[in-house]
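Novice: I have a structure here, written as structure tokens, and I will follow up with some questions on it.
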Amino acid sequence: IAQEGSVVIYTAHKSSIVDTLLPIFEQETGLKAEVVKLGSGDIAKRVQAEAGAPAADVIWSISGSQLTELKDLLEPYTPPEFDKIDPQFIKDPSWTPYTAVVYVLAVNTDLQPLDTAPKTWAELADPKWSGQIASARADGSGSAMQQLQTVLTVFGDEGWDKYAEIAKNFVFTDSSGAVPRFVADGETSMGLTLEDNALEYVQGGAPISIVHLTDGTAATPDGVALVKGGPNPEGGKAFIDWAMSKSTQEKLAMDIGRRSVRVDVEGPAGTPNLADLTLVNVKPLSDFGGAEEVLAKWRTAIGE
Amino acid sequence: MTAMPRFNFWTVVMILTWVLLFVLLFIPVGSVLVSSFYDQSGNLTFGNYLKFLSEPRFHQAFVNTLVVGFGGLAGALLLGSIMAFCVSRFVIRGGKFVSLLAILALVSPPFIGAYSWIVLFGAGGVVRGFLRDLGISMPPIYGVGGILIVFSLKFYPYVYLMVSGALSNVNRSLEEAAEGLGLTPWQRTFKISFPMVFPALTAGGLLALIHAIADFGTPRLLGRGYNVLATEAFTLYSAEIGSNLSMATTISVVLILVSMVFVLLQRYMSRRNVYHGNMINKPVRMQLSGWRNVLAHVAVYFIGLCGAMPVIISVIYSFRKTSGPVFQDGFALQSYERILFNLGDVVRNSLTFSVAAVVLIVMVGTVVGVLVARRTNFNTALLDGAFMVPYVMPGIVIGIAFIAAFNTGPIVLTGTALIIILSIFIRRLPYTVRTTASSLRQISPSMEEAAVSLGYSPFQAFLRITVPLIVPGIIAGGMLSFVTAINELSSSLVLYVGSTMTMPVRIYLLILDGDFGTAAALSTILLLISGCAVYIAFRFMGRNEQALL
Amino acid sequence: MSYLTVNNATKQFGESFMALNGVSIAVERGEFFTLLGPSGCGKTTLLRAIAGFNDLTSGEITLAGSNLRAVPPHQRDIGMVFQDYAVFPHLSVFDNVAFGLKPRKVSAADIKARVIPALDSVRLGDMAQRLPAAMSGGQQQRIGLARAMVINPRLLLMDEPLSNLDAKLRIELREEIRDMQQQIDIATIYVTHDQEEALAISDRICVMNSGRIEQVGTPQQIYGDPQTRFVAEFVGTLNTFQPGPALDALLGQLGLSAPPDASWAVRPERLVLAAAGSPNEGAAALNGTVTKYTYLGREAHVQVETPVGSLVVQVANPGMAATRQAGEAVSVLVPRDAPMAFGADGARIGG
Amino acid sequence: MSYLTVNNATKQFGESFMALNGVSIAVERGEFFTLLGPSGCGKTTLLRAIAGFNDLTSGEITLAGSNLRAVPPHQRDIGMVFQDYAVFPHLSVFDNVAFGLKPRKVSAADIKARVIPALDSVRLGDMAQRLPAAMSGGQQQRIGLARAMVINPRLLLMDEPLSNLDAKLRIELREEIRDMQQQIDIATIYVTHDQEEALAISDRICVMNSGRIEQVGTPQQIYGDPQTRFVAEFVGTLNTFQPGPALDALLGQLGLSAPPDASWAVRPERLVLAAAGSPNEGAAALNGTVTKYTYLGREAHVQVETPVGSLVVQVANPGMAATRQAGEAVSVLVPRDAPMAFGADGARIGG
Ligand SMILES: Nc1ncnc2c1ncn2[C@@H]1O[C@H](COP(=O)(O)OP(=O)(O)OP(=O)(O)O)[C@@H](O)[C@H]1O
Ligand SMILES: Nc1ncnc2c1ncn2[C@@H]1O[C@H](COP(=O)(O)OP(=O)(O)OP(=O)(O)O)[C@@H](O)[C@H]1O
Ligand SMILES: [Mg+2]
Ligand SMILES: [Mg+2]
């Protein structure tokens, strides 16, 4: 329940990020932040359940595609520095791109020396990696779905066959966040995950190296959005403005390891420039027959 | 009692109980479940059910559910009864400590439990590594076998708690009579003792079965493609893309129906087996000697320690040095430092919510338990059945139902502490109702009748005679409620707001972030609090603690 | 109208089993009324209906003129001693007995003043602080007794309250019960399986059989003038004469007669044992042979094979020397007023 | 050596309470041995020690020459009837009785062939399929009895097995018990609180008091020749003469003497009631006034106030007419061999 001068924020950001950034927000704007931290799927569900009497003002950092699905419940808003955003990330007027998420392969170098590790999707299909590749489930995790879409985009007509070959090597984890932990613990020798997740483990000293697959790497945005009918819309706007500001975005890149969507902010230290990667423009689900059909085919591909 | 329609205490209780059930359960949950009859765009349809019936993956999941359900049940029954029998009948050194372990095994925060098993027995697990160094190769814990092992160890405390209480109340003469007739102690146990505690055994088994059927964390983490209905429902519900709420609800409904079948089955089975003891001729614990003594101790400690393994691992890991999400060699208090800054709030929330809920539960649950066990008529039988509903209702369904029901309309509760307390209350109430009812069934009603003949109203007689006699049962139930309430996650995850965050929610979110060290630290604190509560409960029971331990 | 009346009470268990089948009794104030009957005849069922724990299927119960069935059990003010003791296991002996005084708002001092004599009267004075778990069966039974008596109820129901006690204590305690009930002028309904006890203690006895009443009467009426064969057999021992020419001759000798389908019986103490062939005055003599001798302390039972069947003869005050050996030839004297006749339906003829 | 021997058995509960305090008994094969004693004297404790449910604090028990304390209870092959019935509530009557036959590897057909007669013998033949919960106290007790007897054990222990049954059934069942035990030639230890039953059924009786044995002997010895005052008082009724000049005169008249601290007593059935002033041969006469008349069926007790105290006189075979009114003047005749003398320590003098 929002009080005067407080903003209710639903976020999928890690607690560590929330704890770093929000004090700055409160200090800079003088507003009080009331945070509900959940998984991104839970946030979507919760906003839907509360549609009758929304409790949230802002959704902060859930994937763009999820925000697009929620667009009926969102209030379009354009922050002042909108023109500084890389246009490749702008997908829908109901939400604002916030950071760019890059999909990578994390390799446990204790178990799998980097020089013989696979570098492409095609190499991942080699049966010798059977049981070696950790991945989240596409029917549960948005990032796993992005990876599926990437394969389908990269390999065109042969996409499903190629994916099925790769999937034969998969070990499924319960969430995408668990993939780098699996790899770091040696449960598998490598895993498909998000760049910033993997980066944390690298920084934490785990024997992990990051491989950007050379036959196609995806980079997709997550976003911030204003909830339609929220209790404190002005506060919500103030939050979005702050989140998109250059200083906040720089902090994200420098201290937290996220890639900014702003063209005027550098990537995190130790990561290649986006420009040096083989970025593919991942086709939307609708191009493959819609979510239902893709999931059905995915199940066949993984042999369920 | 008499068949006269009188407007007495129990009639009032009966009416209030029904009102409670309707407001907090049937109306909210009913409206959610009805959504399984609508498709994504809101048209009335049976499509979801047809789909369930036609798709092989659901069939497979259904079969798998039964496999892990019954496998887990068998394991829990085995471990729970062995432990209950040893602890209640033999002199076990440190028996109280072992019981404490069993209860604490229930305090294993979501995901961290299964993760602990991976740490120990996964592909890169500590134990496997150790054995590999010794030249012994052991398969990793993944797959259906692993799920069953974990379920057995995870759910045996339900059986243990229920059965140990009942075992110490069996009329001693019955067992002696059997032995006098030439049955070995072993045969006697099976032919007399277990039939006597059958209601408690099945009640504990039912809890284990229902939890095994509803658990999705363990199969998801350890199953490696072994899908059960709970994981299917969870996937459909929580998918970030292509989530299908009405199909998820459909599977939940199937799950609920399956559980309900077992509930009814249990009630049918224990229907005839109502044995009253006189509470005077209680069994005494035997001092074993030689190899039997060693065996009993080994069994009890083995089960206790294995069951508490996740808890032990999380305590150890909470003290490990970390760098970001990565554990380093050596120990440090880093993880604790990181949770310190808002620890107070979540601890206070958890404590107040669960204490408030448990106080409500114990008061209401005891009275309703008596109503159900003693004033048997059609109405109370119906009530007893109705109380099975929260038993089998997944927490998430109740959470969603509460949001939908109390977000708008006459009562607005969203965002308050009350909504969380009420959700815990309604979910855990059946525990106390059940434990109360089952301990009551062991006490001959003639004692209460004696009190009535001495001039006590039925309510006073209940308070003065029955309550003291079932205090161990009530405390066991209350403790179970407390321990599960303070660990309650699934419904509060849906209901919490920033100011009402609880420890399990925070642990869950930390795990979601991959921050295991911090999660382990918070779990350890949760464990400490639960441990204190259990300890206080033991103290409080005074000379009656025998009955529980 | 009587103090307590039960009118046409029936109690059905299950589909068809009638535990009580039209029972009517009337008990006066100050009366000691005993239910006597074989195991399973419905005694406990009737008591529980009066106490209110088991409502009747049909029938009325009134106490002091008011309808008892409409009063909830705890307001009936009826003390009950339970067949299975129903001692409160979590309370000490003292607290068990004091229990019923609390809702009666008796002050703590008075409680003590009443409980201690009550415990003394059941010989448990020095066990007041013990818990029932460490006590013998008879000791537990006495707790239940003291607990019911100490509240001075309007009606005292006792279900075999002395069944686990030795004769000595039984006699002492039944005197206590009588004294107390006469002091406070209430009615007592007492269930016992012990005929002698019933005869000794009761003002009136009600003999039940299979949920029905056979006879209600004073001890003298029940024992000395039984109205049915069942009562005669159940209360005391009964010798039945074998029909046949020997019996006809015996009856002719005594000048007794009855319809042809009647059967004749006699109580053992009405028969007299004499040396074989000894003279008999005012009685018919039967020749017989001793088959068994049972010593019972203040009396002995001698079983004698006679022309009219095997008869038990009671010998009073048997010294060591009175022992009869099996095979001894004796004479059994049957006084004229001793035999009783019963019709084919079991009802007494004449008498 | 006897079949069963218990040697110097003691059992301590808690810190200091001795429930058994040096008890030794020896029971022969085929013997029916009864423990008699007041409530709480240790009868159940002794039985449980023999059955093995409660080990002794010290002492030996042997059965057929072998040390019983080393044998676990289920291998002792001892049938026991429990004071609280201990009927298995989850088994039907039939299954309860058949229960002990299964571990003895009796075939299903044989089980049936043995259980059905056993049920018939306790008069439960037509209740075989019922569950115990719906049965009366006495019916449950009979299940326990049949269950213990059907296994033909080496030793039969019975803890008040008939306490909830009516006299009729008690007599029938105790005959059954005797028959069975003589058939299979085992020993039976029987606990009862009913003196008459003990006298009627036992080969020998052991009278216990506070964890000790007072006297062991045949019924005639126990009743007719009690060795202690306790036994005399406990088994049967005892009139104690008040000391004083009247007693001295009476003793002088009878020619009896004893040390000055001895007390004198007499059994009621040894006294004779006569009309006041009627002649007395071979007996001393006491003048007295009737104070109470108790009808007991086959006998009556008349309480008479005499110069040597209040005496109970037993009248055999009291007709209706025999009733004495309080206040009537009577004469009580005391035969010369009737009075018994006991020393200050309770032991019998002379006798
Ligand atoms: N709940 C019940 N359901 C069915 N039958 C019952 C039930 N309770 C008692 N009975 C039957 O009713 C009859 C009367 O039982 P009740 O307990 O009144 O006997 P009782 O006269 O007290 O016998 P006892 O002297 O053996 O205690 C018995 O035959 C018994 O089997
Ligand atoms: N567990 C116990 N702890 C302490 N004292 C006990 C225990 N069990 C029995 N007693 C005491 O031991 C004594 C003997 O008990 P026991 O049961 O042998 O008596 P009993 O002779 O069978 O009496 P009854 O005829 O009343 O059944 C009693 O005074 C009783 O109070
Ligand atoms: Mg009865
Ligand atoms: Mg006893």
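How things are named: the first chain in the structure tokens is A, the next is B, and so on; residues count from 1 in each chain; ligands count from 1 in the order shown.
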Could you list, as a ChimeraX atom specification, all protein and nucleic acid residues with an atom at most 12 Å from ligand 3, counting only C-alpha atoms and all ligand atoms?

Specialist: /C:19,35-48,81-85,158-161,163,190-193 /D:134-141,163-166

Novice: Check the DSSP output for the backbone and give back, as a PyMOL selection string, the residues of segment 67-178 of chain A in strand (DSSP E).

Specialist: chain A and resi 74-75+96-108+133-136+170-173

Novice: So which residues touch His211 of chain B within 8 Å, counting only C-alpha atoms, skipping near sequence neighbours fewer than 4 positions away, as a compact mmCIF listing (two decimals) with all heavy atoms, in the first residue's frame?

Specialist:
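Contents of around.txt, as written:
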```
# COMPACT_ATOMS: atom_id res chain seq x y z
N PHE B 155 10.15 -36.62 4.31
CA PHE B 155 8.78 -36.68 4.82
C PHE B 155 8.60 -37.66 5.98
O PHE B 155 7.52 -37.76 6.53
CB PHE B 155 7.81 -37.02 3.69
CG PHE B 155 7.82 -35.99 2.60
CD1 PHE B 155 7.95 -36.35 1.27
CD2 PHE B 155 7.72 -34.64 2.91
CE1 PHE B 155 7.97 -35.39 0.27
CE2 PHE B 155 7.75 -33.68 1.92
CZ PHE B 155 7.88 -34.04 0.60
N LEU B 207 0.04 -37.45 5.22
CA LEU B 207 0.77 -36.18 5.09
C LEU B 207 1.98 -36.36 4.18
O LEU B 207 2.24 -35.54 3.29
CB LEU B 207 1.24 -35.71 6.46
CG LEU B 207 0.27 -34.88 7.25
CD1 LEU B 207 0.87 -34.54 8.60
CD2 LEU B 207 -0.04 -33.60 6.50
N ASP B 215 5.12 -31.95 -4.10
CA ASP B 215 6.46 -31.33 -4.14
C ASP B 215 6.95 -31.25 -5.57
O ASP B 215 6.97 -32.24 -6.29
CB ASP B 215 7.41 -32.19 -3.31
CG ASP B 215 8.77 -31.53 -3.16
OD1 ASP B 215 8.98 -30.45 -3.76
OD2 ASP B 215 9.63 -32.09 -2.46
```

Novice: For chain B, work out the contacting residues on chain D at 10 Å, counting only C-alpha atoms, and write them as a ChimeraX atom specification.

Specialist: /D:48,51-53,72-91,96,99-104,133,144,147-148,150-151,153

Novice: Would you kindly return, as number ranges by chain, each protein, DNA or RNA residue with an atom no farther than 12 Å from any atom of Glu281 of chain C, considering only C-alpha atoms and excluding same-chain residues fewer than 4 positions away?

Specialist: C: 254, 272, 274, 285, 333-336

Novice: For the residues selected in the previous step, produce a file with N, CA and C atoms as an mmCIF file, in the first residue's frame.

Specialist:
```
data_model
loop_
_atom_site.group_PDB
_atom_site.id
_atom_site.type_symbol
_atom_site.label_atom_id
_atom_site.label_comp_id
_atom_site.auth_asym_id
_atom_site.auth_seq_id
_atom_site.Cartn_x
_atom_site.Cartn_y
_atom_site.Cartn_z
ATOM 1 N N LEU C 254 -45.877 -85.873 49.431
ATOM 2 C CA LEU C 254 -45.968 -84.559 50.067
ATOM 3 C C LEU C 254 -47.329 -83.916 49.869
ATOM 4 N N VAL C 272 -32.397 -81.377 53.615
ATOM 5 C CA VAL C 272 -31.645 -81.778 54.792
ATOM 6 C C VAL C 272 -30.984 -83.129 54.517
ATOM 7 N N ALA C 274 -29.438 -86.579 55.849
ATOM 8 C CA ALA C 274 -29.522 -87.448 57.033
ATOM 9 C C ALA C 274 -28.801 -88.745 56.716
ATOM 10 N N ALA C 285 -38.481 -88.533 52.278
ATOM 11 C CA ALA C 285 -37.066 -88.906 52.244
ATOM 12 C C ALA C 285 -36.722 -89.520 50.899
ATOM 13 N N LEU C 333 -33.804 -85.278 52.896
ATOM 14 C CA LEU C 333 -35.164 -84.986 53.339
ATOM 15 C C LEU C 333 -35.692 -83.758 52.615
ATOM 16 N N VAL C 334 -36.929 -83.888 52.068
ATOM 17 C CA VAL C 334 -37.547 -82.765 51.364
ATOM 18 C C VAL C 334 -38.763 -82.308 52.163
ATOM 19 N N PRO C 335 -38.680 -81.134 52.835
ATOM 20 C CA PRO C 335 -39.843 -80.645 53.579
ATOM 21 C C PRO C 335 -40.988 -80.317 52.619
ATOM 22 N N ARG C 336 -42.171 -80.326 53.146
ATOM 23 C CA ARG C 336 -43.352 -80.160 52.313
ATOM 24 C C ARG C 336 -43.398 -78.801 51.616
#
```

Novice: Within 7 Å of Trp264 of chain D, counting only C-alpha atoms, which residues show up once you throw out same-chain ones fewer than 5 positions away? Write them as a ChimeraX atom specification, please.

Specialist: /D:240-241,339-342

Novice: Using only C-alpha atoms, which residues sit within 10 Å of Glu250 of chain A once same-chain residues fewer than 3 positions away are excluded, as a list of chain:residue names?

Specialist: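 Near neighbours after the sequence-gap exclusion: A:Met244, A:Ser245, A:Lys246, A:Ser247, A:Ala253, A:Met254, A:Asp255, A:Ile256, A:Gly257, A:Arg258, A:Arg259, A:Ser260, A:Arg262, A:Asp264, A:Val265, A:Glu266, A:Gly267, A:Pro268.
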
Novice: With N, CA and C atoms retained, export the selected residues as a short mmCIF file (atom, residue, chain, number, x, y, z; two decimals), in the first residue's frame.

Specialist:
```cif
data_model
loop_
_atom_site.label_atom_id
_atom_site.label_comp_id
_atom_site.auth_asym_id
_atom_site.auth_seq_id
_atom_site.Cartn_x
_atom_site.Cartn_y
_atom_site.Cartn_z
N MET A 244 16.81 5.24 -16.30
CA MET A 244 17.36 5.39 -17.63
C MET A 244 18.45 6.45 -17.68
N SER A 245 18.68 7.11 -16.55
CA SER A 245 19.66 8.19 -16.57
C SER A 245 21.06 7.63 -16.81
N LYS A 246 21.92 8.47 -17.33
CA LYS A 246 23.26 8.01 -17.70
C LYS A 246 24.01 7.50 -16.47
N SER A 247 23.86 8.20 -15.35
CA SER A 247 24.64 7.79 -14.19
C SER A 247 24.20 6.41 -13.70
N ALA A 253 26.60 -0.87 -15.56
CA ALA A 253 27.64 -1.49 -16.38
C ALA A 253 28.92 -1.71 -15.57
N MET A 254 29.32 -0.70 -14.82
CA MET A 254 30.62 -0.76 -14.14
C MET A 254 30.57 -1.69 -12.92
N ASP A 255 29.57 -1.44 -12.02
CA ASP A 255 29.59 -2.14 -10.74
C ASP A 255 28.87 -3.48 -10.79
N ILE A 256 27.95 -3.62 -11.72
CA ILE A 256 27.08 -4.78 -11.63
C ILE A 256 27.28 -5.74 -12.79
N GLY A 257 27.87 -5.28 -13.87
CA GLY A 257 28.16 -6.19 -14.97
C GLY A 257 27.04 -6.33 -15.97
N ARG A 258 26.13 -5.37 -15.96
CA ARG A 258 25.07 -5.40 -16.96
C ARG A 258 25.46 -4.52 -18.15
N ARG A 259 24.96 -4.87 -19.33
CA ARG A 259 25.20 -4.01 -20.50
C ARG A 259 24.10 -2.98 -20.61
N SER A 260 24.46 -1.75 -20.79
CA SER A 260 23.47 -0.69 -20.91
C SER A 260 22.83 -0.72 -22.29
N ARG A 262 21.92 2.14 -23.49
CA ARG A 262 22.25 3.48 -23.99
C ARG A 262 23.50 3.39 -24.87
N ASP A 264 25.51 5.66 -25.26
CA ASP A 264 26.63 6.43 -24.73
C ASP A 264 27.23 5.82 -23.48
N VAL A 265 26.94 4.52 -23.21
CA VAL A 265 27.53 3.88 -22.03
C VAL A 265 28.30 2.62 -22.47
N GLU A 266 29.54 2.49 -21.96
CA GLU A 266 30.40 1.35 -22.30
C GLU A 266 29.88 0.04 -21.69
N GLY A 267 30.27 -1.11 -22.23
CA GLY A 267 29.94 -2.41 -21.64
C GLY A 267 30.76 -2.66 -20.39
N PRO A 268 30.43 -3.69 -19.63
CA PRO A 268 31.17 -4.00 -18.41
C PRO A 268 32.62 -4.36 -18.71
#
```

Novice: Separation of atom CA of Asn317 of chain C and atom CA of Gly297 of chain C, in Å?

Specialist: 7.5 Å

Novice: If we count only C-alpha atoms, which residues of chain B reach to within 7 Å of chain A? Please list them as a PyMOL selection string.

Specialist: chain B and resi 57+122-124+220-221+224+235+238-242+323-326+403-404+407-408+415+494+497-498+509-510+512-514

Novice: Just to be explicit: take each residue in the selection above, keep N, CA, C and O atoms, and write the result as a tab-separated table (two decimals), in the first residue's frame.

Specialist:
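As written to disk, again32.tsv reads:
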```tsv
chain	number	residue	atom	x	y	z
B	57	ARG	N	2.25	-36.94	-22.42
B	57	ARG	CA	3.17	-36.45	-21.40
B	57	ARG	C	2.46	-36.25	-20.07
B	57	ARG	O	3.05	-36.42	-19.01
B	122	GLY	N	25.74	-35.33	-5.87
B	122	GLY	CA	25.62	-35.01	-7.29
B	122	GLY	C	26.82	-35.54	-8.06
B	122	GLY	O	27.72	-36.17	-7.50
B	123	ALA	N	26.84	-35.21	-9.38
B	123	ALA	CA	27.93	-35.68	-10.22
B	123	ALA	C	29.27	-35.23	-9.64
B	123	ALA	O	30.25	-35.96	-9.61
B	124	GLY	N	29.31	-33.98	-9.15
B	124	GLY	CA	30.54	-33.49	-8.56
B	124	GLY	C	30.46	-33.45	-7.05
B	124	GLY	O	31.13	-32.66	-6.40
B	220	ARG	N	12.19	-31.56	-9.77
B	220	ARG	CA	12.72	-30.65	-10.77
B	220	ARG	C	14.24	-30.60	-10.71
B	220	ARG	O	14.92	-30.57	-11.73
B	221	LEU	N	14.76	-30.62	-9.50
B	221	LEU	CA	16.21	-30.50	-9.35
B	221	LEU	C	16.90	-31.84	-9.55
B	221	LEU	O	18.00	-31.91	-10.08
B	224	ARG	N	15.89	-34.97	-13.48
B	224	ARG	CA	16.52	-35.12	-14.80
B	224	ARG	C	15.51	-35.65	-15.80
B	224	ARG	O	15.68	-36.72	-16.37
B	235	THR	N	5.50	-25.71	-14.17
B	235	THR	CA	6.04	-25.21	-15.42
B	235	THR	C	5.00	-24.40	-16.17
B	235	THR	O	5.26	-23.29	-16.63
B	238	SER	N	4.44	-21.16	-14.13
B	238	SER	CA	5.49	-20.17	-13.92
B	238	SER	C	6.26	-19.84	-15.19
B	238	SER	O	7.15	-19.01	-15.17
B	239	ALA	N	5.94	-20.54	-16.30
B	239	ALA	CA	6.69	-20.28	-17.52
B	239	ALA	C	6.69	-18.80	-17.81
B	239	ALA	O	5.69	-18.11	-17.66
B	240	GLU	N	7.88	-18.32	-18.20
B	240	GLU	CA	7.95	-16.90	-18.51
B	240	GLU	C	7.32	-16.65	-19.86
B	240	GLU	O	6.81	-15.58	-20.14
B	241	ILE	N	7.35	-17.67	-20.71
B	241	ILE	CA	6.71	-17.54	-22.00
B	241	ILE	C	5.72	-18.66	-22.17
B	241	ILE	O	5.97	-19.81	-21.79
B	242	GLY	N	4.58	-18.35	-22.74
B	242	GLY	CA	3.61	-19.39	-23.03
B	242	GLY	C	3.06	-20.01	-21.77
B	242	GLY	O	2.71	-21.19	-21.75
B	323	SER	N	32.75	-15.41	-2.51
B	323	SER	CA	33.07	-14.23	-3.30
B	323	SER	C	31.96	-14.15	-4.33
B	323	SER	O	31.84	-15.02	-5.18
B	324	GLY	N	31.10	-13.17	-4.22
B	324	GLY	CA	29.91	-13.16	-5.05
B	324	GLY	C	29.15	-14.43	-4.77
B	324	GLY	O	28.99	-14.84	-3.62
B	325	PRO	N	28.72	-15.10	-5.80
B	325	PRO	CA	27.96	-16.33	-5.57
B	325	PRO	C	28.85	-17.54	-5.37
B	325	PRO	O	28.36	-18.63	-5.14
B	326	VAL	N	30.16	-17.37	-5.46
B	326	VAL	CA	31.04	-18.54	-5.48
B	326	VAL	C	31.61	-18.82	-4.10
B	326	VAL	O	32.11	-17.92	-3.43
B	403	ILE	N	-5.55	-13.41	-3.16
B	403	ILE	CA	-5.39	-12.11	-3.85
B	403	ILE	C	-6.66	-11.76	-4.58
B	403	ILE	O	-7.19	-10.65	-4.46
B	404	ALA	N	-7.18	-12.73	-5.31
B	404	ALA	CA	-8.37	-12.46	-6.10
B	404	ALA	C	-9.55	-12.09	-5.21
B	404	ALA	O	-10.32	-11.18	-5.51
B	407	ASN	N	-8.64	-8.58	-2.79
B	407	ASN	CA	-8.01	-7.40	-3.37
B	407	ASN	C	-9.04	-6.30	-3.55
B	407	ASN	O	-8.75	-5.12	-3.41
B	408	THR	N	-10.24	-6.70	-3.88
B	408	THR	CA	-11.34	-5.74	-4.02
B	408	THR	C	-12.51	-6.33	-3.26
B	408	THR	O	-12.39	-7.38	-2.64
B	415	GLY	N	-1.73	-6.89	0.87
B	415	GLY	CA	-0.65	-6.05	1.38
B	415	GLY	C	-0.59	-6.03	2.89
B	415	GLY	O	0.36	-5.53	3.47
B	494	VAL	N	3.10	-15.17	-3.03
B	494	VAL	CA	2.13	-14.46	-3.85
B	494	VAL	C	1.53	-13.28	-3.09
B	494	VAL	O	1.05	-12.33	-3.68
B	497	VAL	N	4.19	-8.17	0.42
B	497	VAL	CA	4.65	-6.90	-0.14
B	497	VAL	C	5.93	-6.57	0.61
B	497	VAL	O	6.31	-7.28	1.55
B	498	GLY	N	6.61	-5.49	0.21
B	498	GLY	CA	7.90	-5.19	0.80
B	498	GLY	C	7.91	-5.25	2.31
B	498	GLY	O	8.82	-5.81	2.90
B	509	LEU	N	14.11	-15.96	-2.65
B	509	LEU	CA	14.58	-14.95	-3.61
B	509	LEU	C	16.10	-14.98	-3.71
B	509	LEU	O	16.66	-14.84	-4.80
B	510	LEU	N	16.76	-15.20	-2.59
B	510	LEU	CA	18.22	-15.29	-2.63
B	510	LEU	C	18.66	-16.47	-3.48
B	510	LEU	O	19.63	-16.39	-4.23
B	512	LEU	N	16.96	-17.80	-5.85
B	512	LEU	CA	16.66	-17.44	-7.23
B	512	LEU	C	17.81	-16.63	-7.82
B	512	LEU	O	18.16	-16.74	-8.99
B	513	ASP	N	18.41	-15.82	-6.98
B	513	ASP	CA	19.55	-15.02	-7.42
B	513	ASP	C	20.83	-15.84	-7.47
B	513	ASP	O	21.87	-15.32	-7.85
B	514	GLY	N	20.78	-17.06	-7.01
B	514	GLY	CA	21.98	-17.88	-6.97
B	514	GLY	C	22.87	-17.55	-5.78
B	514	GLY	O	24.01	-17.97	-5.70
```

Novice: For atom CA of Val104 of chain A and atom CA of Glu165 of chain A, determine how far apart the two atoms are, in Å to one decimal place.

Specialist: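 So the two atoms, atom CA of Val104 of chain A and atom CA of Glu165 of chain A, lie 18.5 Å apart.
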
Novice: Let me make sure I understand: among D:Asp261, D:Glu172, D:Asp120, D:Asp194, which one has the smallest atom-to-atom distance to chain C if we use only C-alpha atoms?

Specialist: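 Distance minimum relative to chain C lands on D:Asp194.
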
Novice: If you run DSSP over the backbone, which residues in segment 229-276 of chain A end up helix (DSSP H, G or I)? Put them as a list of chain:residue names.

Specialist: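 So, restricting segment 229-276 of chain A to helix (DSSP H, G or I), we get A:Pro233, A:Glu234, A:Gly235, A:Gly236, A:Lys237, A:Ala238, A:Phe239, A:Ile240, A:Asp241, A:Trp242, A:Ala243, A:Met244, A:Lys246, A:Ser247, A:Thr248, A:Gln249, A:Glu250, A:Lys251, A:Leu252, A:Ala253, A:Met254, A:Asp255, A:Ile256, A:Leu274, A:Ala275, A:Asp276.
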